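Asks: Contents of work.cif (mmCIF, C-alpha atoms and all ligand atoms) are below:
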```cif
data_my_file
#
loop_
_atom_site.group_PDB
_atom_site.id
_atom_site.type_symbol
_atom_site.label_atom_id
_atom_site.label_comp_id
_atom_site.auth_asym_id
_atom_site.auth_seq_id
_atom_site.Cartn_x
_atom_site.Cartn_y
_atom_site.Cartn_z
ATOM 1 C CA MET A 260 -14.297 19.241 -7.794
ATOM 2 C CA ALA A 261 -17.732 19.815 -6.272
ATOM 3 C CA VAL A 262 -20.387 20.448 -8.968
ATOM 4 C CA LYS A 263 -22.744 21.841 -6.274
ATOM 5 C CA ARG A 264 -22.627 23.051 -2.648
ATOM 6 C CA THR A 265 -22.467 19.952 -0.494
ATOM 7 C CA THR A 266 -20.960 18.406 2.634
ATOM 8 C CA ILE A 267 -18.613 15.572 3.429
ATOM 9 C CA PRO A 268 -19.699 13.603 6.493
ATOM 10 C CA HIS A 269 -16.688 13.814 8.849
ATOM 11 C CA GLY A 270 -13.626 15.918 9.567
ATOM 12 C CA GLY A 271 -15.184 19.121 10.939
ATOM 13 C CA GLY A 272 -15.350 20.465 14.497
ATOM 14 C CA SER A 273 -12.858 19.989 17.313
ATOM 15 C CA ASP A 274 -13.507 16.224 17.441
ATOM 16 C CA LYS A 275 -13.403 15.967 13.612
ATOM 17 C CA GLN A 276 -16.752 14.149 13.636
ATOM 18 C CA SER A 277 -18.907 16.969 12.218
ATOM 19 C CA PRO A 278 -19.672 17.458 8.519
ATOM 20 C CA ILE A 279 -17.606 19.910 6.460
ATOM 21 C CA VAL A 280 -19.214 22.272 3.928
ATOM 22 C CA ILE A 281 -17.792 22.059 0.422
ATOM 23 C CA GLU A 282 -18.717 25.015 -1.798
ATOM 24 C CA LYS A 283 -19.500 24.558 -5.478
ATOM 25 C CA GLY A 284 -16.236 24.577 -7.431
ATOM 26 C CA GLN A 285 -14.058 23.636 -4.460
ATOM 27 C CA VAL A 286 -11.468 20.942 -5.053
ATOM 28 C CA VAL A 287 -11.192 18.132 -2.510
ATOM 29 C CA VAL A 288 -7.897 16.268 -2.387
ATOM 30 C CA TYR A 289 -7.206 13.199 -0.306
ATOM 31 C CA SER A 290 -4.061 11.190 0.352
ATOM 32 C CA VAL A 291 -4.302 7.428 -0.006
ATOM 33 C CA TYR A 292 -0.812 7.227 1.558
ATOM 34 C CA ALA A 293 -2.125 8.915 4.728
ATOM 35 C CA MET A 294 -5.381 6.945 4.699
ATOM 36 C CA HIS A 295 -3.398 3.696 4.586
ATOM 37 C CA ARG A 296 -1.595 4.720 7.770
ATOM 38 C CA ARG A 297 -4.618 5.470 9.967
ATOM 39 C CA PRO A 298 -3.980 4.000 13.439
ATOM 40 C CA GLU A 299 -7.731 3.465 13.990
ATOM 41 C CA VAL A 300 -7.722 1.035 11.042
ATOM 42 C CA TYR A 301 -4.172 -0.337 10.902
ATOM 43 C CA GLY A 302 -3.182 -0.117 14.581
ATOM 44 C CA ASP A 303 -0.687 2.007 16.514
ATOM 45 C CA ASP A 304 2.180 0.561 14.440
ATOM 46 C CA ALA A 305 0.532 1.745 11.208
ATOM 47 C CA GLU A 306 3.779 3.398 10.052
ATOM 48 C CA GLU A 307 5.724 0.149 10.273
ATOM 49 C CA PHE A 308 6.130 -2.462 7.533
ATOM 50 C CA ASN A 309 4.272 -5.379 9.078
ATOM 51 C CA PRO A 310 2.602 -7.631 6.490
ATOM 52 C CA GLU A 311 1.423 -10.007 9.246
ATOM 53 C CA ARG A 312 -1.151 -7.382 10.233
ATOM 54 C CA TRP A 313 -3.220 -8.542 7.244
ATOM 55 C CA GLU A 314 -3.790 -11.950 8.855
ATOM 56 C CA THR A 315 -6.175 -10.434 11.412
ATOM 57 C CA LEU A 316 -7.035 -6.987 10.044
ATOM 58 C CA LYS A 317 -10.739 -6.108 9.917
ATOM 59 C CA MET A 318 -11.527 -3.130 7.755
ATOM 60 C CA GLY A 319 -14.380 -1.282 6.142
ATOM 61 C CA ALA A 320 -15.002 -1.037 2.407
ATOM 62 C CA TRP A 321 -13.225 2.327 2.072
ATOM 63 C CA ASP A 322 -10.261 1.732 4.386
ATOM 64 C CA TYR A 323 -7.919 0.159 1.798
ATOM 65 C CA LEU A 324 -7.918 1.824 -1.622
ATOM 66 C CA PRO A 325 -4.925 0.871 -3.779
ATOM 67 C CA PHE A 326 -7.206 0.810 -6.819
ATOM 68 C CA ASN A 327 -9.402 3.620 -5.578
ATOM 69 C CA GLY A 328 -13.195 3.123 -5.633
ATOM 70 C CA GLY A 329 -16.451 4.323 -7.085
ATOM 71 C CA PRO A 330 -17.160 4.987 -10.763
ATOM 72 C CA ARG A 331 -13.498 5.626 -11.623
ATOM 73 C CA ILE A 332 -12.113 2.521 -9.904
ATOM 74 C CA CYS A 333 -9.119 0.967 -11.672
ATOM 75 C CA LEU A 334 -10.307 -1.095 -14.622
ATOM 76 C CA GLY A 335 -7.244 -3.354 -14.386
ATOM 77 C CA GLN A 336 -7.642 -4.336 -10.716
ATOM 78 C CA GLN A 337 -8.516 -8.006 -11.255
ATOM 79 C CA TYR A 338 -5.959 -8.322 -14.064
ATOM 80 C CA ALA A 339 -3.207 -6.783 -11.893
ATOM 81 C CA LEU A 340 -4.033 -8.968 -8.879
ATOM 82 C CA VAL A 341 -4.125 -12.176 -10.949
ATOM 83 C CA GLU A 342 -0.813 -11.264 -12.604
ATOM 84 C CA ALA A 343 0.873 -10.358 -9.285
ATOM 85 C CA SER A 344 -0.414 -13.561 -7.623
ATOM 86 C CA TYR A 345 0.834 -15.621 -10.568
ATOM 87 C CA VAL A 346 4.316 -14.074 -10.459
ATOM 88 C CA VAL A 347 4.626 -14.501 -6.669
ATOM 89 C CA ILE A 348 3.488 -18.143 -6.809
ATOM 90 C CA ARG A 349 5.835 -18.983 -9.714
ATOM 91 C CA MET A 350 8.739 -17.364 -7.803
ATOM 92 C CA LEU A 351 7.926 -19.474 -4.733
ATOM 93 C CA GLN A 352 7.753 -22.624 -6.873
ATOM 94 C CA LYS A 353 10.980 -21.893 -8.744
ATOM 95 C CA TYR A 354 13.194 -20.750 -5.836
ATOM 96 C CA GLN A 355 13.650 -22.468 -2.503
ATOM 97 C CA ASP A 356 15.269 -19.412 -0.940
ATOM 98 C CA ILE A 357 14.952 -15.680 -1.595
ATOM 99 C CA VAL A 358 17.246 -13.504 0.525
ATOM 100 C CA GLY A 359 17.698 -9.731 0.575
ATOM 101 C CA ILE A 360 21.238 -8.528 -0.277
ATOM 102 C CA ASP A 361 22.956 -5.248 0.501
ATOM 103 C CA PRO A 362 24.267 -4.329 -2.998
ATOM 104 C CA THR A 363 27.235 -2.387 -1.581
ATOM 105 C CA THR A 364 28.616 -5.269 0.527
ATOM 106 C CA GLY A 365 26.944 -8.363 -0.918
ATOM 107 C CA ASN A 366 25.914 -9.282 2.649
ATOM 108 C CA GLU A 367 22.529 -10.713 3.456
ATOM 109 C CA ILE A 368 20.184 -8.261 5.148
ATOM 110 C CA PRO A 369 17.472 -9.217 7.647
ATOM 111 C CA SER A 370 13.938 -9.475 6.351
ATOM 112 C CA LEU A 371 12.014 -6.234 6.468
ATOM 113 C CA GLY A 372 10.002 -6.162 9.640
ATOM 114 C CA GLU A 373 12.420 -8.440 11.517
ATOM 115 C CA ASP A 374 14.758 -5.599 12.402
ATOM 116 C CA LYS A 375 12.551 -2.637 13.355
ATOM 117 C CA THR A 376 15.552 -0.305 13.485
ATOM 118 C CA ASP A 377 16.573 -1.045 9.878
ATOM 119 C CA LYS A 378 16.108 2.130 7.830
ATOM 120 C CA SER A 379 17.743 0.808 4.651
ATOM 121 C CA PHE A 380 14.376 0.498 2.877
ATOM 122 C CA ARG A 381 13.448 3.764 1.202
ATOM 123 C CA GLU A 382 10.033 4.387 -0.311
ATOM 124 C CA ARG A 383 9.503 5.767 -3.798
ATOM 125 C CA LEU A 384 6.205 7.582 -3.729
ATOM 126 C CA GLY A 385 3.940 8.116 -6.703
ATOM 127 C CA LEU A 386 0.340 7.163 -7.350
ATOM 128 C CA THR A 387 1.566 3.809 -6.113
ATOM 129 C CA MET A 388 4.597 3.017 -3.923
ATOM 130 C CA SER A 389 7.711 1.032 -4.789
ATOM 131 C CA CYS A 390 11.296 0.517 -3.598
ATOM 132 C CA LEU A 391 13.432 3.603 -4.311
ATOM 133 C CA ASP A 392 16.686 1.632 -4.433
ATOM 134 C CA GLY A 393 15.397 -1.441 -6.231
ATOM 135 C CA VAL A 394 15.116 -4.926 -4.792
ATOM 136 C CA HIS A 395 18.425 -6.782 -4.545
ATOM 137 C CA VAL A 396 17.974 -10.459 -3.799
ATOM 138 C CA LYS A 397 19.852 -13.746 -3.950
ATOM 139 C CA LEU A 398 17.777 -16.525 -5.483
ATOM 140 C CA THR A 399 18.448 -20.199 -4.848
ATOM 141 C CA PRO A 400 16.715 -22.432 -7.411
ATOM 142 C CA ALA A 401 14.514 -25.190 -6.044
ATOM 143 C CA VAL A 402 15.916 -28.641 -6.758
HETATM 144 C C1 LIG A 501 -0.961 -2.870 -9.111
HETATM 145 C C2 LIG A 501 -1.376 -2.349 -10.260
HETATM 146 C C3 LIG A 501 -2.350 -1.197 -10.387
HETATM 147 C C4 LIG A 501 -2.716 -0.260 -9.472
HETATM 148 C C5 LIG A 501 -2.254 -0.115 -8.025
HETATM 149 C C6 LIG A 501 -3.668 0.616 -10.129
HETATM 150 C C7 LIG A 501 -4.281 1.721 -9.544
HETATM 151 C C8 LIG A 501 -5.120 2.583 -10.193
HETATM 152 C C9 LIG A 501 -5.684 3.781 -9.631
HETATM 153 C C10 LIG A 501 -5.425 4.281 -8.197
HETATM 154 C C11 LIG A 501 -6.473 4.362 -10.569
HETATM 155 C C12 LIG A 501 -7.250 5.673 -10.431
HETATM 156 C C13 LIG A 501 -8.703 5.432 -10.169
HETATM 157 C C14 LIG A 501 -9.434 6.758 -10.004
HETATM 158 O O1 LIG A 501 -9.223 7.698 -10.779
HETATM 159 O O2 LIG A 501 -10.243 6.853 -9.073
HETATM 160 C C15 LIG A 501 -6.418 3.527 -11.751
HETATM 161 C C16 LIG A 501 -7.100 3.777 -12.925
HETATM 162 C C17 LIG A 501 -7.054 2.981 -14.029
HETATM 163 N N1 LIG A 501 -6.359 1.804 -14.170
HETATM 164 FE FE1 LIG A 501 -5.158 0.963 -12.784
HETATM 165 N N2 LIG A 501 -3.862 0.172 -11.415
HETATM 166 C C18 LIG A 501 -3.085 -0.918 -11.610
HETATM 167 C C19 LIG A 501 -3.001 -1.695 -12.764
HETATM 168 C C20 LIG A 501 -3.748 -1.505 -13.908
HETATM 169 C C21 LIG A 501 -3.708 -2.366 -15.078
HETATM 170 C C22 LIG A 501 -2.834 -3.625 -15.202
HETATM 171 C C23 LIG A 501 -4.569 -1.832 -15.993
HETATM 172 C C24 LIG A 501 -4.938 -2.293 -17.375
HETATM 173 C C25 LIG A 501 -4.676 -3.492 -17.842
HETATM 174 C C26 LIG A 501 -5.164 -0.651 -15.380
HETATM 175 C C27 LIG A 501 -6.079 0.158 -15.977
HETATM 176 C C28 LIG A 501 -6.605 1.311 -15.442
HETATM 177 C C29 LIG A 501 -7.511 2.208 -16.141
HETATM 178 C C30 LIG A 501 -8.036 2.031 -17.564
HETATM 179 C C31 LIG A 501 -7.798 3.250 -15.251
HETATM 180 C C32 LIG A 501 -8.703 4.462 -15.508
HETATM 181 C C33 LIG A 501 -10.123 4.150 -15.098
HETATM 182 C C34 LIG A 501 -11.036 5.372 -15.305
HETATM 183 O O3 LIG A 501 -10.542 6.501 -15.209
HETATM 184 O O4 LIG A 501 -12.234 5.183 -15.552
HETATM 185 N N3 LIG A 501 -4.644 -0.478 -14.117
HETATM 186 N N4 LIG A 501 -5.597 2.445 -11.495
#
```
Written as structure tokens, how would this file's structure read?

Replies:
Amino acid sequence: MAVKRTTIPHGGGSDKQSPIVIEKGQVVVYSVYAMHRRPEVYGDDAEEFNPERWETLKMGAWDYLPFNGGPRICLGQQYALVEASYVVIRMLQKYQDIVGIDPTTGNEIPSLGEDKTDKSFRERLGLTMSCLDGVHVKLTPAV
């Protein structure tokens, strides 16, 4: 909520490049979900699940905000990233194969992103995003 009359730098005018006036007391809401799907940052396929985009993606400081930013940035960011990295690496060490399974048939399903027409993945939206239907996988221990 604006504590005084102010402006935000972009979004106004027909080309959306002019400042916008924010009156004192006005609430400004933004959607991280929408920001993380901006074609000018993530490409024309921004709506698609394509982790490989991160190999070459160049972005500004405020283009990717899972932990938000500024004075109220998540205090657990480094902890969460270390923990997630640790779990992923231990999984990769422990299992030689991790395959997605359709829980209704038991059949293997193609990796997300391989089959662009596959709509079986459903998002669960909150402050963060997760898999609505859970993650069903077959794990083969490494020998
Ligand atoms: C992947 C995991 C996590 C994500 C995506 C995440 C994301 C966020 C986001 C978006 C905020 C709001 C920041 C704002 O108000 O601008 C936040 C706040 C916060 N997070 Fe996390 N968080 C995660 C894990 C954690 C963990 C593991 C801890 C503690 C061990 C933690 C502690 C906090 C605290 C204390 C705040 C409030 C900071 C404040 O209001 O000053 N978070 N987090």

Asks: Taking only C-alpha atoms and all ligand atoms into account, which residues have an atom no farther than 6 Å from ligand LIG 501 (chain A)? I'd like them as a ChimeraX atom specification.

Replies: /A:325-328,331-336,338-339,387

Asks: Might you spell out which residues the PyMOL selection byres (((chain A and resi 382) around 12) and not hetatm) would select in the displayed file, as a compact mmCIF listing (two decimals) with C-alpha atoms, in the coordinates of the input?

Replies:
```txt
# COMPACT_ATOMS: atom_id res chain seq x y z
CA TYR A 292 -0.81 7.23 1.56
CA PHE A 308 6.13 -2.46 7.53
CA LYS A 378 16.11 2.13 7.83
CA SER A 379 17.74 0.81 4.65
CA PHE A 380 14.38 0.50 2.88
CA ARG A 381 13.45 3.76 1.20
CA ARG A 383 9.50 5.77 -3.80
CA LEU A 384 6.20 7.58 -3.73
CA GLY A 385 3.94 8.12 -6.70
CA THR A 387 1.57 3.81 -6.11
CA MET A 388 4.60 3.02 -3.92
CA SER A 389 7.71 1.03 -4.79
CA CYS A 390 11.30 0.52 -3.60
CA LEU A 391 13.43 3.60 -4.31
CA ASP A 392 16.69 1.63 -4.43
CA GLY A 393 15.40 -1.44 -6.23
CA VAL A 394 15.12 -4.93 -4.79
```

Asks: How many Å separate CA of Val300 (chain A) from CA of Asp322 (chain A)?

Replies: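 Distance between the two atoms: 7.2 Å.
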
Asks: Report the residues retrieved by the PyMOL selection byres (((chain A and resi 401) around 9) and not hetatm) from the displayed file, expressed as a PyMOL selection string.

Replies: chain A and resi 351-356+399-400+402

Asks: Write the residues of the preceding selection, restricted to C-alpha atoms, as a CSV table (one decimal), in the frame of the given file.

Replies:
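result19.csv written:
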```csv
chain,number,residue,atom,x,y,z
A,351,LEU,CA,7.9,-19.5,-4.7
A,352,GLN,CA,7.8,-22.6,-6.9
A,353,LYS,CA,11.0,-21.9,-8.7
A,354,TYR,CA,13.2,-20.8,-5.8
A,355,GLN,CA,13.6,-22.5,-2.5
A,356,ASP,CA,15.3,-19.4,-0.9
A,399,THR,CA,18.4,-20.2,-4.8
A,400,PRO,CA,16.7,-22.4,-7.4
A,402,VAL,CA,15.9,-28.6,-6.8
```

Asks: Using only C-alpha atoms, which of the listed residues (A:Leu340, A:Lys397, A:Ala261, A:Glu314) sits closest to Val288 (chain A)?

Replies: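 Closest candidate: A:Ala261.
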
Asks: Just give me the gap between CA of Glu299 (chain A) and CA of Met318 (chain A) in Å, one decimal is fine.

Replies: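 For CA of Glu299 (chain A) relative to CA of Met318 (chain A), the distance reads 9.8 Å.
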
Asks: Determine the nearest neighbour of Ile281 (chain A) from the options A:Glu367, A:Pro362, A:Arg264, A:His295, counting only C-alpha atoms.

Replies: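 With only C-alpha atoms as the atom set, the closest residue is A:Arg264.
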
Asks: One number please: CA of Leu316 (chain A) to CA of His269 (chain A), in Å, one decimal.

Replies: 23.0 Å

Asks: Could you please give me, as a list in words, the residues of protein, DNA or RNA lying at most 10 Å from (-16.9, 17.4, 5.3) in the coordinate frame of the file, considering all atoms listed in the file?

Replies: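 Residues satisfying the cut-off, written out: Thr265, Thr266, Ile267, Pro268, His269, Gly270, Gly271, Gly272, Lys275, Gln276, Ser277, Pro278, Ile279, Val280, Ile281 and Val287 of chain A.
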
Asks: Rank A:Thr315, A:Glu282, A:His395, A:Met260 by their smallest atom-to-atom distance to Ile368 (chain A), using only C-alpha atoms, and report the top residue only.

Replies: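 Counting only C-alpha atoms, the residue closest to Ile368 (chain A) is A:His395.
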
Asks: Using all atoms listed in the file, pick whichever of A:Val346, A:Trp321, A:Val262, A:Asp304 has the shortest atom-to-atom distance to Gly284 (chain A).

Replies: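 Comparing A:Val346, A:Trp321, A:Val262, A:Asp304 against Gly284 (chain A), the winner is A:Val262.
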